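Accompanying notes for the structure given below.
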Amino acid sequence: MDKCVKEYSVGLIFSYSKDKLLLIRKSHPEWQKGLLNGIGGKIEPNETALEAVIREVSEEAYLITSADGWKLVLVLHFPLATIHFYAFLLSDSYFQLPLYTRIDSPTDESIEVVDLFDFQLRNDVVHNIRFIIPLAIDRLKF
């Protein structure tokens with residue numbers, strides 16, 4: 001792959017009951033500021049896309065996940081970036097913790113629980129997530 005192309009890994013964490021999702025409220029890059037997106041970031045040198053999503057979710061959402069729980073949903077290729085999207089199922093009880101109504105991550109961004117039933121009506125999400133969410137749900141074969 002071209003060395004100028006940056007690679008990113010993004011995780012979408014769903015509740016087992018399919019009604020909730022963890023997303024991060026972005027403060028950067030500028031075009032994503034204030035919007036909700038999957039949890040992720042840049043893939044480090046000598047790191048796989050899967051290793052990157054596990055690391056990013058651990059750093060930003062304080063969640064330790066196993067590699068076998070993640071499912072690759074989609075890889076988007078753009079002229080200057082490649083983005084790997086992964087999905088993960090998490091216990092419903094985890095989403096009911098008061099902590100996750102809104103948690104501050106170690107970055108200046110916050111993790112939020114989103115209701116999937118009204119997700120498509122929201123205007124505060126990164127646009128491509130709207131079509132990636134249904135793909136992720138299908139890939140997890142609930």
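By order in the structure tokens, chains are A, B, ...; within a chain, residues start at 1; ligands start at 1, following the order shown.
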Could you pull the residues within 8 Å of segment 30-44 of chain A, counting only C-alpha atoms, minus those fewer than 4 positions along the same chain, as a list in words?
-> Lys6, Glu7, Tyr8, Ser9, Val10, Gly11, Leu12, Leu22, Leu23, Ile24, Arg25, Lys26, Thr48, Ala49, Ala52, Val53, Glu56, Val57, Glu60, Ala61, Asp124, Val125, Val126 and Ile129 of chain A
Kindly indicate which residue among A:Phe78, A:His84, A:His127, A:Leu50 lies nearest to Cys4 of chain A, using only C-alpha atoms for the distances.
->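 Result for the nearest residue to Cys4 of chain A: A:Phe78.
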Using atom CA of Lys141 of chain A and atom CA of Gly69 of chain A as the two end points, give the distance in Å to one decimal.
-> 12.7 Å
Got a sec: who's within 9 Å of segment 89-98 of chain A, counting only C-alpha atoms, leaving out chain neighbours fewer than 2 positions off, as a PyMOL selection string?
-> chain A and resi 12-18+20-22+69-70+87+100-102+113+140
Hey, which of A:Asp68, A:Pro79, A:Gln120, A:Asp19 ends up closest to Ile132 of chain A? Count only C-alpha atoms.
->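 The closest residue to Ile132 of chain A is A:Gln120.
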Grab the atom CA of Ser58 of chain A to atom CA of Phe88 of chain A distance for me, in Å with one decimal place.
->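 So the two atoms, atom CA of Ser58 of chain A and atom CA of Phe88 of chain A, lie 13.0 Å apart.
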